[in-house]
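**Q** Sending over query.txt (compact mmCIF, C-alpha atoms).
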```txt
# COMPACT_ATOMS: atom_id res chain seq x y z
CA MET A 8 -101.63 210.56 -20.58
CA ARG A 9 -101.69 211.38 -24.27
CA ASN A 10 -103.36 208.81 -26.54
CA TYR A 11 -102.94 207.69 -30.15
CA TRP A 12 -105.46 210.19 -31.51
CA ASP A 13 -103.68 213.03 -29.72
CA ASP A 14 -100.53 211.91 -31.53
CA ILE A 15 -102.38 212.02 -34.88
CA LYS A 16 -103.55 215.60 -34.24
CA LEU A 17 -100.06 216.72 -33.24
CA ALA A 18 -98.59 215.14 -36.38
CA ALA A 19 -101.15 217.01 -38.52
CA ASN A 20 -99.92 220.26 -36.99
CA GLU A 21 -96.21 219.80 -37.61
CA ALA A 22 -94.36 222.90 -38.79
CA LEU A 23 -94.33 221.80 -42.44
CA PRO A 24 -95.12 223.52 -45.77
CA TRP A 25 -98.64 222.08 -45.84
CA GLU A 26 -99.63 224.56 -48.54
CA LYS A 27 -97.97 222.21 -51.03
CA LEU A 28 -100.73 219.68 -50.35
CA GLN A 29 -103.68 222.03 -49.91
CA GLY A 30 -106.44 221.09 -52.34
CA CYS A 31 -104.25 218.40 -53.91
CA ASN A 32 -105.10 214.79 -54.70
CA VAL A 33 -102.84 212.55 -52.61
CA LEU A 34 -102.81 208.81 -53.29
CA VAL A 35 -101.73 206.49 -50.47
CA THR A 36 -101.31 202.82 -51.38
CA GLY A 37 -101.27 200.18 -48.68
CA ALA A 38 -103.87 202.32 -46.91
CA THR A 39 -105.13 199.50 -44.69
CA GLY A 40 -101.61 198.64 -43.54
CA LEU A 41 -99.81 199.85 -40.43
CA ILE A 42 -97.99 202.83 -41.96
CA GLY A 43 -100.38 203.65 -44.80
CA GLY A 44 -103.42 203.70 -42.52
CA CYS A 45 -101.77 206.03 -40.02
CA LEU A 46 -100.68 208.32 -42.87
CA VAL A 47 -104.28 208.52 -44.12
CA GLU A 48 -105.42 209.49 -40.61
CA VAL A 49 -102.86 212.28 -40.35
CA LEU A 50 -103.68 213.67 -43.81
CA MET A 51 -107.41 213.54 -43.05
CA ALA A 52 -106.82 215.46 -39.82
CA ARG A 53 -105.72 218.40 -41.98
CA GLY A 54 -109.17 218.78 -43.58
CA ASP A 55 -107.96 220.41 -46.80
CA ILE A 56 -106.37 217.50 -48.69
CA ASN A 57 -108.16 215.11 -51.06
CA VAL A 58 -107.00 211.74 -49.78
CA TYR A 59 -107.28 208.70 -52.05
CA ALA A 60 -106.74 205.58 -49.95
CA ALA A 61 -106.05 202.44 -51.95
CA GLY A 62 -105.91 198.90 -50.62
CA ARG A 63 -106.86 195.31 -51.36
CA ASN A 64 -109.11 194.69 -48.37
CA GLU A 65 -112.30 196.71 -48.72
CA ALA A 66 -113.91 195.21 -45.60
CA ARG A 67 -110.95 196.20 -43.46
CA ALA A 68 -110.99 199.70 -44.95
CA LYS A 69 -114.67 200.18 -44.09
CA VAL A 70 -113.89 199.46 -40.44
CA ARG A 71 -110.62 201.40 -40.26
CA PHE A 72 -111.96 204.50 -42.01
CA ALA A 73 -115.59 204.45 -40.86
CA LYS A 74 -115.17 207.89 -39.31
CA TYR A 75 -114.63 209.40 -42.77
CA THR A 76 -117.86 208.10 -44.30
CA GLY A 77 -119.47 210.98 -46.19
CA ASN A 78 -116.38 213.17 -45.89
CA PRO A 79 -115.80 214.74 -49.34
CA CYS A 80 -112.03 214.71 -48.78
CA PHE A 81 -111.86 210.93 -48.37
CA HIS A 82 -111.98 208.38 -51.18
CA PHE A 83 -111.25 204.68 -50.87
CA PHE A 84 -110.87 202.34 -53.81
CA LYS A 85 -109.94 198.70 -53.97
CA TYR A 86 -106.64 198.26 -55.74
CA ASP A 87 -103.95 195.63 -56.13
CA VAL A 88 -100.73 197.44 -57.03
CA THR A 89 -99.61 194.60 -59.31
CA ARG A 90 -102.24 195.88 -61.77
CA PRO A 91 -101.72 199.06 -63.83
CA LEU A 92 -103.38 202.00 -62.11
CA SER A 93 -104.94 203.01 -65.44
CA ASP A 94 -107.06 199.83 -65.30
CA VAL A 95 -108.74 200.94 -62.08
CA SER A 96 -111.87 203.06 -61.89
CA CYS A 97 -111.04 205.68 -59.28
CA PRO A 98 -113.84 207.19 -57.17
CA SER A 99 -115.05 210.78 -57.47
CA SER A 100 -113.75 211.11 -61.01
CA GLU A 101 -115.71 211.17 -64.23
CA GLU A 102 -112.45 211.21 -66.15
CA THR A 103 -110.78 208.11 -67.55
CA SER A 104 -107.74 209.07 -65.48
CA ILE A 105 -107.17 211.23 -62.44
CA LEU A 106 -104.25 213.47 -61.56
CA PHE A 107 -102.64 212.40 -58.33
CA HIS A 108 -100.43 215.34 -57.43
CA TYR A 109 -98.58 213.19 -54.91
CA ILE A 110 -98.31 209.40 -54.75
CA ILE A 111 -97.10 207.72 -51.56
CA HIS A 112 -96.44 204.05 -52.22
CA ALA A 113 -96.70 202.20 -48.91
CA ALA A 114 -98.18 198.94 -50.19
CA SER A 115 -96.01 195.92 -49.44
CA ASP A 116 -96.46 192.70 -47.53
CA ALA A 117 -93.98 192.99 -44.66
CA SER A 118 -95.08 189.79 -42.94
CA PRO A 119 -92.45 187.10 -42.29
CA ALA A 120 -95.18 184.52 -42.99
CA ALA A 121 -95.52 185.88 -46.54
CA PHE A 122 -91.74 185.81 -47.04
CA ALA A 123 -91.84 182.10 -46.20
CA SER A 124 -95.02 181.08 -48.03
CA THR A 125 -95.51 183.48 -50.99
CA PRO A 126 -92.13 185.03 -51.86
CA VAL A 127 -93.07 185.41 -55.55
CA ASP A 128 -96.07 187.54 -54.60
CA VAL A 129 -93.89 189.70 -52.36
CA ILE A 130 -91.46 190.36 -55.22
CA LYS A 131 -94.23 191.18 -57.70
CA SER A 132 -95.91 193.54 -55.27
CA ASN A 133 -92.72 195.51 -54.69
CA ILE A 134 -91.41 195.66 -58.25
CA TYR A 135 -94.58 195.62 -60.37
CA GLY A 136 -96.36 197.86 -57.89
CA THR A 137 -93.68 200.53 -57.96
CA ALA A 138 -93.45 200.35 -61.77
CA ASN A 139 -97.23 200.70 -62.21
CA LEU A 140 -97.55 203.67 -59.88
CA ILE A 141 -94.51 205.64 -60.96
CA GLU A 142 -95.34 205.04 -64.63
CA TYR A 143 -98.87 206.38 -64.12
CA GLY A 144 -97.71 209.36 -62.10
CA THR A 145 -94.99 210.28 -64.57
CA ALA A 146 -97.50 210.19 -67.44
CA HIS A 147 -100.17 212.22 -65.61
CA GLY A 148 -98.44 215.25 -64.15
CA MET A 149 -97.53 213.92 -60.70
CA ARG A 150 -95.48 216.41 -58.65
CA ARG A 151 -93.66 213.93 -56.42
CA PHE A 152 -93.46 210.18 -55.78
CA LEU A 153 -92.59 208.94 -52.28
CA TYR A 154 -91.51 205.33 -52.12
CA VAL A 155 -91.75 203.71 -48.69
CA SER A 156 -88.92 201.21 -48.81
CA THR A 157 -87.36 199.46 -45.81
CA GLY A 158 -84.23 199.44 -43.73
CA GLU A 159 -83.83 195.80 -44.76
CA VAL A 160 -82.23 197.02 -48.00
CA TYR A 161 -79.01 197.36 -45.99
CA GLY A 162 -78.77 193.62 -45.52
CA GLU A 163 -75.94 192.40 -43.33
CA GLY A 164 -73.05 194.67 -42.54
CA GLY A 165 -73.96 196.56 -39.40
CA ALA A 166 -71.83 194.20 -37.31
CA THR A 167 -68.84 191.96 -37.90
CA GLU A 168 -66.61 189.72 -35.78
CA ASP A 169 -64.13 192.60 -35.56
CA THR A 170 -66.79 195.22 -34.75
CA PRO A 171 -69.55 193.39 -32.85
CA ASP A 172 -71.25 196.64 -31.84
CA GLY A 173 -71.44 197.67 -35.48
CA PRO A 174 -71.96 201.19 -36.82
CA ALA A 175 -75.39 202.62 -37.53
CA PHE A 176 -76.36 202.41 -41.20
CA ILE A 177 -76.22 205.62 -43.20
CA GLU A 178 -78.03 206.06 -46.51
CA SER A 179 -74.96 205.36 -48.66
CA ASP A 180 -74.35 201.95 -47.07
CA SER A 181 -75.12 198.68 -48.80
CA GLY A 182 -74.66 195.40 -46.96
CA TYR A 183 -74.82 191.79 -48.10
CA VAL A 184 -78.07 190.09 -49.13
CA ASN A 185 -77.93 186.50 -50.42
CA PRO A 186 -80.09 186.73 -53.57
CA ILE A 187 -80.91 183.02 -53.79
CA LEU A 188 -82.55 182.70 -50.39
CA PRO A 189 -86.37 182.92 -50.66
CA ARG A 190 -86.33 185.18 -47.54
CA SER A 191 -84.43 187.70 -49.68
CA CYS A 192 -87.63 188.28 -51.67
CA TYR A 193 -88.30 191.31 -49.47
CA PRO A 194 -84.98 193.20 -49.24
CA SER A 195 -83.93 192.33 -52.81
CA SER A 196 -87.20 193.50 -54.40
CA LYS A 197 -87.19 196.63 -52.25
CA ARG A 198 -83.66 197.37 -53.49
CA ALA A 199 -84.78 196.86 -57.09
CA ALA A 200 -87.76 199.17 -56.57
CA GLU A 201 -85.48 201.89 -55.19
CA THR A 202 -83.26 201.56 -58.26
CA LEU A 203 -86.36 201.83 -60.46
CA CYS A 204 -87.26 205.11 -58.74
CA ALA A 205 -83.74 206.42 -59.33
CA ALA A 206 -83.92 205.32 -62.97
CA TYR A 207 -87.20 207.19 -63.54
CA LYS A 208 -85.67 210.32 -62.08
CA ASP A 209 -82.64 210.02 -64.33
CA GLN A 210 -84.44 209.04 -67.55
CA TYR A 211 -87.73 210.94 -67.25
CA GLY A 212 -87.04 213.63 -64.67
CA THR A 213 -89.58 212.16 -62.23
CA ASP A 214 -89.41 213.79 -58.79
CA VAL A 215 -88.87 210.89 -56.37
CA VAL A 216 -87.89 210.55 -52.72
CA ILE A 217 -87.30 207.33 -50.79
CA ALA A 218 -87.96 206.51 -47.13
CA ARG A 219 -86.31 203.61 -45.33
CA PRO A 220 -88.21 202.93 -42.12
CA CYS A 221 -86.75 200.67 -39.46
CA HIS A 222 -88.97 198.18 -37.61
CA THR A 223 -92.20 200.05 -36.93
CA TYR A 224 -94.86 199.35 -34.29
CA GLY A 225 -98.33 200.71 -33.65
CA PRO A 226 -102.03 199.83 -33.42
CA HIS A 227 -104.36 198.57 -36.17
CA PHE A 228 -102.18 195.65 -37.24
CA THR A 229 -104.15 192.81 -38.79
CA SER A 230 -105.03 189.44 -37.27
CA SER A 231 -102.68 187.76 -39.77
CA ASP A 232 -99.71 190.05 -39.02
CA ASN A 233 -97.03 187.82 -37.50
CA ARG A 234 -94.31 190.39 -36.97
CA VAL A 235 -92.88 189.99 -33.51
CA TYR A 236 -94.40 193.06 -31.90
CA ALA A 237 -97.89 192.12 -33.19
CA GLN A 238 -97.54 188.60 -31.81
CA PHE A 239 -96.43 189.99 -28.44
CA VAL A 240 -99.35 192.42 -28.22
CA ARG A 241 -101.85 189.69 -29.12
CA ASN A 242 -100.35 187.52 -26.37
CA VAL A 243 -100.84 190.11 -23.62
CA LEU A 244 -104.31 191.18 -24.81
CA ARG A 245 -105.42 187.55 -24.55
CA GLY A 246 -104.11 187.49 -20.99
CA GLU A 247 -101.18 185.27 -21.97
CA ASP A 248 -97.47 185.50 -21.33
CA ILE A 249 -95.38 186.53 -24.33
CA VAL A 250 -94.03 183.56 -26.27
CA MET A 251 -90.69 184.29 -27.93
CA LYS A 252 -89.47 182.11 -30.79
CA SER A 253 -85.78 183.00 -30.30
CA ASP A 254 -83.45 184.10 -27.52
CA GLY A 255 -84.33 187.69 -28.40
CA SER A 256 -80.75 188.86 -28.80
CA GLN A 257 -81.29 190.50 -32.21
CA PHE A 258 -80.78 194.24 -31.78
CA ARG A 259 -82.91 196.66 -33.80
CA SER A 260 -83.88 200.27 -34.31
CA TRP A 261 -87.61 200.72 -33.72
CA CYS A 262 -90.05 203.55 -34.39
CA TYR A 263 -93.62 204.30 -33.29
CA VAL A 264 -95.88 204.47 -36.35
CA VAL A 265 -96.96 208.10 -35.81
CA ASP A 266 -93.32 209.18 -35.59
CA CYS A 267 -92.66 207.21 -38.77
CA VAL A 268 -95.52 209.00 -40.55
CA ARG A 269 -94.27 212.36 -39.34
CA ALA A 270 -90.93 211.48 -40.91
CA LEU A 271 -92.61 210.48 -44.18
CA LEU A 272 -94.26 213.90 -44.36
CA TYR A 273 -90.94 215.66 -43.81
CA ILE A 274 -89.44 213.59 -46.62
CA LEU A 275 -92.42 214.23 -48.90
CA LEU A 276 -92.54 217.97 -48.31
CA LYS A 277 -88.90 218.87 -47.61
CA GLY A 278 -86.74 216.01 -48.89
CA GLU A 279 -84.34 216.44 -51.78
CA SER A 280 -85.39 214.76 -55.01
CA GLY A 281 -83.58 211.49 -55.67
CA GLU A 282 -82.48 211.05 -52.08
CA ALA A 283 -83.19 208.28 -49.55
CA TYR A 284 -83.77 208.92 -45.84
CA ASN A 285 -83.61 206.57 -42.87
CA ILE A 286 -86.47 206.62 -40.37
CA ALA A 287 -85.81 205.45 -36.81
CA ASP A 288 -86.14 206.57 -33.22
CA PRO A 289 -82.63 206.94 -31.75
CA ASN A 290 -84.16 206.44 -28.30
CA SER A 291 -85.69 203.08 -29.28
CA ASN A 292 -82.72 200.87 -30.11
CA VAL A 293 -83.53 197.66 -28.24
CA SER A 294 -83.23 193.90 -28.50
CA ILE A 295 -86.23 191.72 -29.31
CA ARG A 296 -86.07 190.48 -25.71
CA GLN A 297 -86.21 194.05 -24.36
CA LEU A 298 -89.17 194.80 -26.63
CA ALA A 299 -90.99 191.71 -25.35
CA GLU A 300 -90.32 192.68 -21.75
CA MET A 301 -91.65 196.22 -22.30
CA ILE A 302 -94.88 194.92 -23.86
CA ALA A 303 -95.24 192.23 -21.19
CA GLY A 304 -94.56 194.73 -18.42
CA ALA A 305 -97.24 197.11 -19.74
CA ALA A 306 -99.82 194.33 -19.27
CA GLY A 307 -98.47 192.61 -16.16
CA ARG A 308 -97.32 189.48 -17.99
CA LYS A 309 -93.97 187.69 -18.36
CA VAL A 310 -91.81 186.41 -21.24
CA VAL A 311 -91.22 182.74 -22.09
CA VAL A 312 -89.07 181.24 -24.87
CA GLN A 313 -90.33 178.57 -27.28
CA LEU A 314 -88.41 177.20 -30.26
CA PRO A 315 -90.01 178.05 -33.64
CA LYS A 316 -91.35 175.61 -36.21
CA ASP A 317 -89.36 175.26 -39.44
CA THR A 318 -92.05 177.10 -41.42
CA GLU A 319 -91.91 180.00 -38.97
CA SER A 320 -88.13 180.28 -38.93
CA LYS A 321 -87.95 180.41 -42.75
CA GLY A 322 -89.40 183.92 -42.70
CA TYR A 323 -87.18 185.30 -39.94
CA ASN A 324 -84.71 188.12 -40.52
CA ARG A 325 -81.25 186.67 -39.80
CA VAL A 326 -79.49 190.01 -39.39
CA THR A 327 -78.30 190.18 -35.78
CA ARG A 328 -77.87 193.95 -35.49
CA SER A 329 -79.60 196.67 -37.47
CA LEU A 330 -79.33 200.28 -36.32
CA PHE A 331 -80.01 203.40 -38.37
CA SER A 332 -78.54 206.87 -38.40
CA THR A 333 -81.22 209.58 -38.69
CA ARG A 334 -78.86 212.51 -39.13
CA LYS A 335 -79.97 213.06 -42.72
CA LEU A 336 -83.66 213.05 -41.76
CA GLU A 337 -82.97 215.41 -38.87
CA SER A 338 -81.38 217.87 -41.32
CA LEU A 339 -84.92 218.40 -42.70
CA GLY A 340 -86.08 219.58 -39.28
CA TRP A 341 -87.59 216.30 -38.05
CA THR A 342 -87.20 215.71 -34.33
CA ILE A 343 -88.53 213.08 -31.97
CA ASN A 344 -89.43 213.01 -28.30
CA GLY A 345 -91.14 210.77 -25.78
CA ASN A 346 -90.11 207.30 -24.67
CA MET A 347 -90.79 203.88 -26.12
CA ARG A 348 -92.59 202.52 -23.06
CA ASP A 349 -95.25 205.24 -23.15
CA LYS A 350 -95.78 204.75 -26.88
CA ILE A 351 -96.18 201.01 -26.39
CA VAL A 352 -98.86 201.69 -23.76
CA ARG A 353 -100.70 203.99 -26.21
CA MET A 354 -100.52 201.25 -28.85
CA ILE A 355 -101.94 198.59 -26.51
CA GLU A 356 -104.72 200.91 -25.28
CA ILE A 357 -106.52 201.06 -28.63
CA THR A 358 -105.60 197.65 -30.06
CA GLN A 359 -108.48 195.20 -30.37
CA LEU A 360 -108.21 191.48 -31.15
```
Show how you would write the structure in this file as structure tokens.

**A**
Amino acid sequence: MRNYWDDIKLAANEALPWEKLQGCNVLVTGATGLIGGCLVEVLMARGDINVYAAGRNEARAKVRFAKYTGNPCFHFFKYDVTRPLSDVSCPSSEETSILFHYIIHAASDASPAAFASTPVDVIKSNIYGTANLIEYGTAHGMRRFLYVSTGEVYGEGGATEDTPDGPAFIESDSGYVNPILPRSCYPSSKRAAETLCAAYKDQYGTDVVIARPCHTYGPHFTSSDNRVYAQFVRNVLRGEDIVMKSDGSQFRSWCYVVDCVRALLYILLKGESGEAYNIADPNSNVSIRQLAEMIAGAAGRKVVVQLPKDTESKGYNRVTRSLFSTRKLESLGWTINGNMRDKIVRMIEITQL
């Protein structure tokens, strides 16, 4: 069976206009995160792109990217996106500033625990971070800015009492988000950051594209990541049954991280400036319960339900149904194959506690 690293190699050989990136400096923020880290791995598999990986956790980066030690195409630097990029001393540059031809902003705390405990930090990361990066890029000759947003910007609206099945969200949709709930720190600040990107395009002519990934799963999640899939995988790797903190009826679009990164590259290299694109796997629309059962089944475990603590439930996404149309992304030539169960097995195979 194919493994995760096979998937990385295949992604690096997609039929894309890679010549746009050849010899370029590409900055990836959130490089030690789920999506950012996978993106770095795919770009490094090309061998002809100068990858600048930025993240807050240097120790984690040393472990995650150990294979690139000494590789002249790889550069890691510690960076908190809430600081201006001009304040940071970038590696491999004797200049006071460096031209990043492409900036992919994937830094954002997507943990429900952070939404409940540090919502102010989540907001600052999304809004200040986007402002700092797009400001720097606009002032230093950046060719394109890719903002990795979230499908949570749609809020509620995919299902109603009259239409319980609900339509799939398309990019022009905008559902309800209650702005005075602390849990709204994530979707509301992501919305604001998208608007900031659009404003820079309109006022300064900045070339921007926006990606809206659905719920994404894959290996290399951190020990503190308390998103449901990460909790489930930790359960089975410890030889435990999966403990669910709800009835699992919430229905979601999901996407394997390598497929998500493939989509990001299509958006970066072929997307239309100023446009937003959904990212989801149409073959992976499942309930939380179904996800738990797939992960449990891959490890020979079972699923049990346990009511959450108040502090846990504060960070939960209350939207009951969230499905995404990928027709716009597919118009760029992006396709997807394979099944969710096999991709879950590949994720579990290389995940370490």

**Q** Counting only C-alpha atoms, which of A:His82, A:Ile105, A:Val88, A:Ser329 gets nearest to Gly182 of chain A?

**A**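 Selected residue with least distance to Gly182 of chain A: A:Ser329.
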
**Q** Any idea what's packed within 9 Å of Leu41 of chain A, counting only C-alpha atoms, ignoring anything in its chain fewer than 3 positions away? Could you give it as a PyMOL selection string?

**A** chain A and resi 37-38+44-46+223-229+264

**Q** Please dump the current selection as an mmCIF file, in the frame of the given file; keep C-alpha atoms.

**A**
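In the end it all went to selection_1.cif:
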```cif
data_model
loop_
_atom_site.group_PDB
_atom_site.id
_atom_site.type_symbol
_atom_site.label_atom_id
_atom_site.label_comp_id
_atom_site.auth_asym_id
_atom_site.auth_seq_id
_atom_site.Cartn_x
_atom_site.Cartn_y
_atom_site.Cartn_z
ATOM 1 C CA GLY A 37 -101.270 200.180 -48.680
ATOM 2 C CA ALA A 38 -103.870 202.320 -46.910
ATOM 3 C CA GLY A 44 -103.420 203.700 -42.520
ATOM 4 C CA CYS A 45 -101.770 206.030 -40.020
ATOM 5 C CA LEU A 46 -100.680 208.320 -42.870
ATOM 6 C CA THR A 223 -92.200 200.050 -36.930
ATOM 7 C CA TYR A 224 -94.860 199.350 -34.290
ATOM 8 C CA GLY A 225 -98.330 200.710 -33.650
ATOM 9 C CA PRO A 226 -102.030 199.830 -33.420
ATOM 10 C CA HIS A 227 -104.360 198.570 -36.170
ATOM 11 C CA PHE A 228 -102.180 195.650 -37.240
ATOM 12 C CA THR A 229 -104.150 192.810 -38.790
ATOM 13 C CA VAL A 264 -95.880 204.470 -36.350
#
```

**Q** Using only C-alpha atoms, can you tell me which of A:Lys27, A:Lys309, A:Lys350, A:Arg198 comes closest to Asp55 of chain A?

**A** A:Lys27

**Q** Work out how far apart atom CA of Ala306 of chain A and atom CA of Gln238 of chain A are and give it in Å to one decimal.

**A**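 Those two atoms sit 14.0 Å apart.
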
**Q** Between atom CA of Arg234 of chain A and atom CA of Asn290 of chain A, measure the distance and give it in Å to one decimal.

**A**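 That distance, rounded to one decimal, is 20.9 Å.
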
**Q** From the set A:Leu34, A:Leu17, A:Ile134, A:Ala61, which residue has the shortest atom-to-atom contact distance to Ala200 of chain A, counting only C-alpha atoms?

**A** A:Ile134

**Q** Mind checking which residues fall within 7 Å of segment 68-76 of chain A, counting all atoms listed in the file, ignoring those fewer than 4 positions away in the same chain, and posting them as a ChimeraX atom specification?

**A** /A:39,64,81

**Q** Could you make a table, as a Markdown table, of the residues of segment 263-296 of chain A that have an atom within 12 Å of an atom of segment 135-159 of chain A, each with its nearest atom pair and distance in Å to one decimal, counting only C-alpha atoms, in chain and number order?

**A**
```
| residue | atom | partner | partner_atom | distance |
| --- | --- | --- | --- | --- |
| A:Cys267 | CA | A:Val155 | CA | 10.6 |
| A:Val268 | CA | A:Val155 | CA | 10.4 |
| A:Ala270 | CA | A:Val155 | CA | 11.0 |
| A:Leu271 | CA | A:Val155 | CA | 8.2 |
| A:Leu272 | CA | A:Leu153 | CA | 9.5 |
| A:Tyr273 | CA | A:Leu153 | CA | 10.9 |
| A:Ile274 | CA | A:Leu153 | CA | 8.0 |
| A:Leu275 | CA | A:Leu153 | CA | 6.3 |
| A:Leu276 | CA | A:Arg151 | CA | 9.1 |
| A:Lys277 | CA | A:Arg151 | CA | 11.2 |
| A:Gly278 | CA | A:Leu153 | CA | 9.8 |
| A:Glu279 | CA | A:Arg151 | CA | 10.7 |
| A:Ser280 | CA | A:Arg151 | CA | 8.4 |
| A:Gly281 | CA | A:Leu153 | CA | 10.0 |
| A:Glu282 | CA | A:Leu153 | CA | 10.3 |
| A:Ala283 | CA | A:Ser156 | CA | 9.1 |
| A:Tyr284 | CA | A:Gly158 | CA | 9.7 |
| A:Asn285 | CA | A:Gly158 | CA | 7.2 |
| A:Ile286 | CA | A:Gly158 | CA | 8.2 |
| A:Ala287 | CA | A:Gly158 | CA | 9.3 |
```

**Q** What does the structure give for the distance between atom CA of Ala303 of chain A and atom CA of Val243 of chain A, in Å to one decimal?

**A**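 Answer for the atom CA of Ala303 of chain A to atom CA of Val243 of chain A separation: 6.5 Å.
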
**Q** Using all atoms listed in the file, which residue out of A:Ile217, A:Leu106, A:Asp209, A:Asp116 lies closest to Gly40 of chain A?

**A**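 The shortest atom-to-atom distance to Gly40 of chain A comes from A:Asp116.
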
**Q** Output segment 261-267 of chain A as a PDB file, in the coordinates of the input, making sure all heavy atoms are there.

**A**
```
ATOM      1  N   TRP A 261     -86.154 200.763 -33.644  1.00  0.00           N
ATOM      2  CA  TRP A 261     -87.610 200.720 -33.720  1.00  0.00           C
ATOM      3  C   TRP A 261     -88.167 202.131 -33.827  1.00  0.00           C
ATOM      4  O   TRP A 261     -87.487 203.109 -33.482  1.00  0.00           O
ATOM      5  CB  TRP A 261     -88.199 200.038 -32.479  1.00  0.00           C
ATOM      6  CG  TRP A 261     -87.971 198.559 -32.448  1.00  0.00           C
ATOM      7  CD1 TRP A 261     -86.857 197.910 -31.992  1.00  0.00           C
ATOM      8  CD2 TRP A 261     -88.857 197.550 -32.926  1.00  0.00           C
ATOM      9  NE1 TRP A 261     -87.002 196.558 -32.148  1.00  0.00           N
ATOM     10  CE2 TRP A 261     -88.229 196.305 -32.714  1.00  0.00           C
ATOM     11  CE3 TRP A 261     -90.129 197.562 -33.489  1.00  0.00           C
ATOM     12  CZ2 TRP A 261     -88.816 195.101 -33.059  1.00  0.00           C
ATOM     13  CZ3 TRP A 261     -90.736 196.364 -33.829  1.00  0.00           C
ATOM     14  CH2 TRP A 261     -90.073 195.152 -33.622  1.00  0.00           C
ATOM     15  N   CYS A 262     -89.415 202.231 -34.287  1.00  0.00           N
ATOM     16  CA  CYS A 262     -90.050 203.550 -34.390  1.00  0.00           C
ATOM     17  C   CYS A 262     -91.565 203.395 -34.251  1.00  0.00           C
ATOM     18  O   CYS A 262     -92.165 202.508 -34.872  1.00  0.00           O
ATOM     19  CB  CYS A 262     -89.703 204.200 -35.725  1.00  0.00           C
ATOM     20  SG  CYS A 262     -90.158 205.950 -35.836  1.00  0.00           S
ATOM     21  N   TYR A 263     -92.166 204.233 -33.450  1.00  0.00           N
ATOM     22  CA  TYR A 263     -93.620 204.300 -33.290  1.00  0.00           C
ATOM     23  C   TYR A 263     -94.221 204.797 -34.606  1.00  0.00           C
ATOM     24  O   TYR A 263     -93.692 205.699 -35.249  1.00  0.00           O
ATOM     25  CB  TYR A 263     -93.902 205.269 -32.159  1.00  0.00           C
ATOM     26  CG  TYR A 263     -95.338 205.563 -31.830  1.00  0.00           C
ATOM     27  CD1 TYR A 263     -96.293 204.560 -31.677  1.00  0.00           C
ATOM     28  CD2 TYR A 263     -95.734 206.895 -31.601  1.00  0.00           C
ATOM     29  CE1 TYR A 263     -97.602 204.863 -31.323  1.00  0.00           C
ATOM     30  CE2 TYR A 263     -97.033 207.201 -31.237  1.00  0.00           C
ATOM     31  CZ  TYR A 263     -97.968 206.186 -31.105  1.00  0.00           C
ATOM     32  OH  TYR A 263     -99.258 206.488 -30.753  1.00  0.00           O
ATOM     33  N   VAL A 264     -95.333 204.211 -35.015  1.00  0.00           N
ATOM     34  CA  VAL A 264     -95.880 204.470 -36.350  1.00  0.00           C
ATOM     35  C   VAL A 264     -96.181 205.944 -36.591  1.00  0.00           C
ATOM     36  O   VAL A 264     -95.970 206.453 -37.703  1.00  0.00           O
ATOM     37  CB  VAL A 264     -97.119 203.590 -36.615  1.00  0.00           C
ATOM     38  CG1 VAL A 264     -98.278 203.979 -35.713  1.00  0.00           C
ATOM     39  CG2 VAL A 264     -97.520 203.648 -38.080  1.00  0.00           C
ATOM     40  N   VAL A 265     -96.655 206.674 -35.590  1.00  0.00           N
ATOM     41  CA  VAL A 265     -96.960 208.100 -35.810  1.00  0.00           C
ATOM     42  C   VAL A 265     -95.674 208.878 -36.049  1.00  0.00           C
ATOM     43  O   VAL A 265     -95.632 209.789 -36.885  1.00  0.00           O
ATOM     44  CB  VAL A 265     -97.763 208.680 -34.636  1.00  0.00           C
ATOM     45  CG1 VAL A 265     -98.107 210.154 -34.914  1.00  0.00           C
ATOM     46  CG2 VAL A 265     -99.046 207.897 -34.402  1.00  0.00           C
ATOM     47  N   ASP A 266     -94.612 208.524 -35.346  1.00  0.00           N
ATOM     48  CA  ASP A 266     -93.320 209.180 -35.590  1.00  0.00           C
ATOM     49  C   ASP A 266     -92.808 208.841 -36.977  1.00  0.00           C
ATOM     50  O   ASP A 266     -92.197 209.677 -37.655  1.00  0.00           O
ATOM     51  CB  ASP A 266     -92.303 208.753 -34.539  1.00  0.00           C
ATOM     52  CG  ASP A 266     -92.628 209.297 -33.154  1.00  0.00           C
ATOM     53  OD1 ASP A 266     -93.126 210.432 -33.069  1.00  0.00           O
ATOM     54  OD2 ASP A 266     -92.392 208.582 -32.156  1.00  0.00           O
ATOM     55  N   CYS A 267     -93.051 207.606 -37.420  1.00  0.00           N
ATOM     56  CA  CYS A 267     -92.660 207.210 -38.770  1.00  0.00           C
ATOM     57  C   CYS A 267     -93.422 208.028 -39.817  1.00  0.00           C
ATOM     58  O   CYS A 267     -92.833 208.525 -40.792  1.00  0.00           O
ATOM     59  CB  CYS A 267     -92.940 205.709 -38.970  1.00  0.00           C
ATOM     60  SG  CYS A 267     -92.564 205.098 -40.627  1.00  0.00           S
TER      61      CYS A 267
END
```
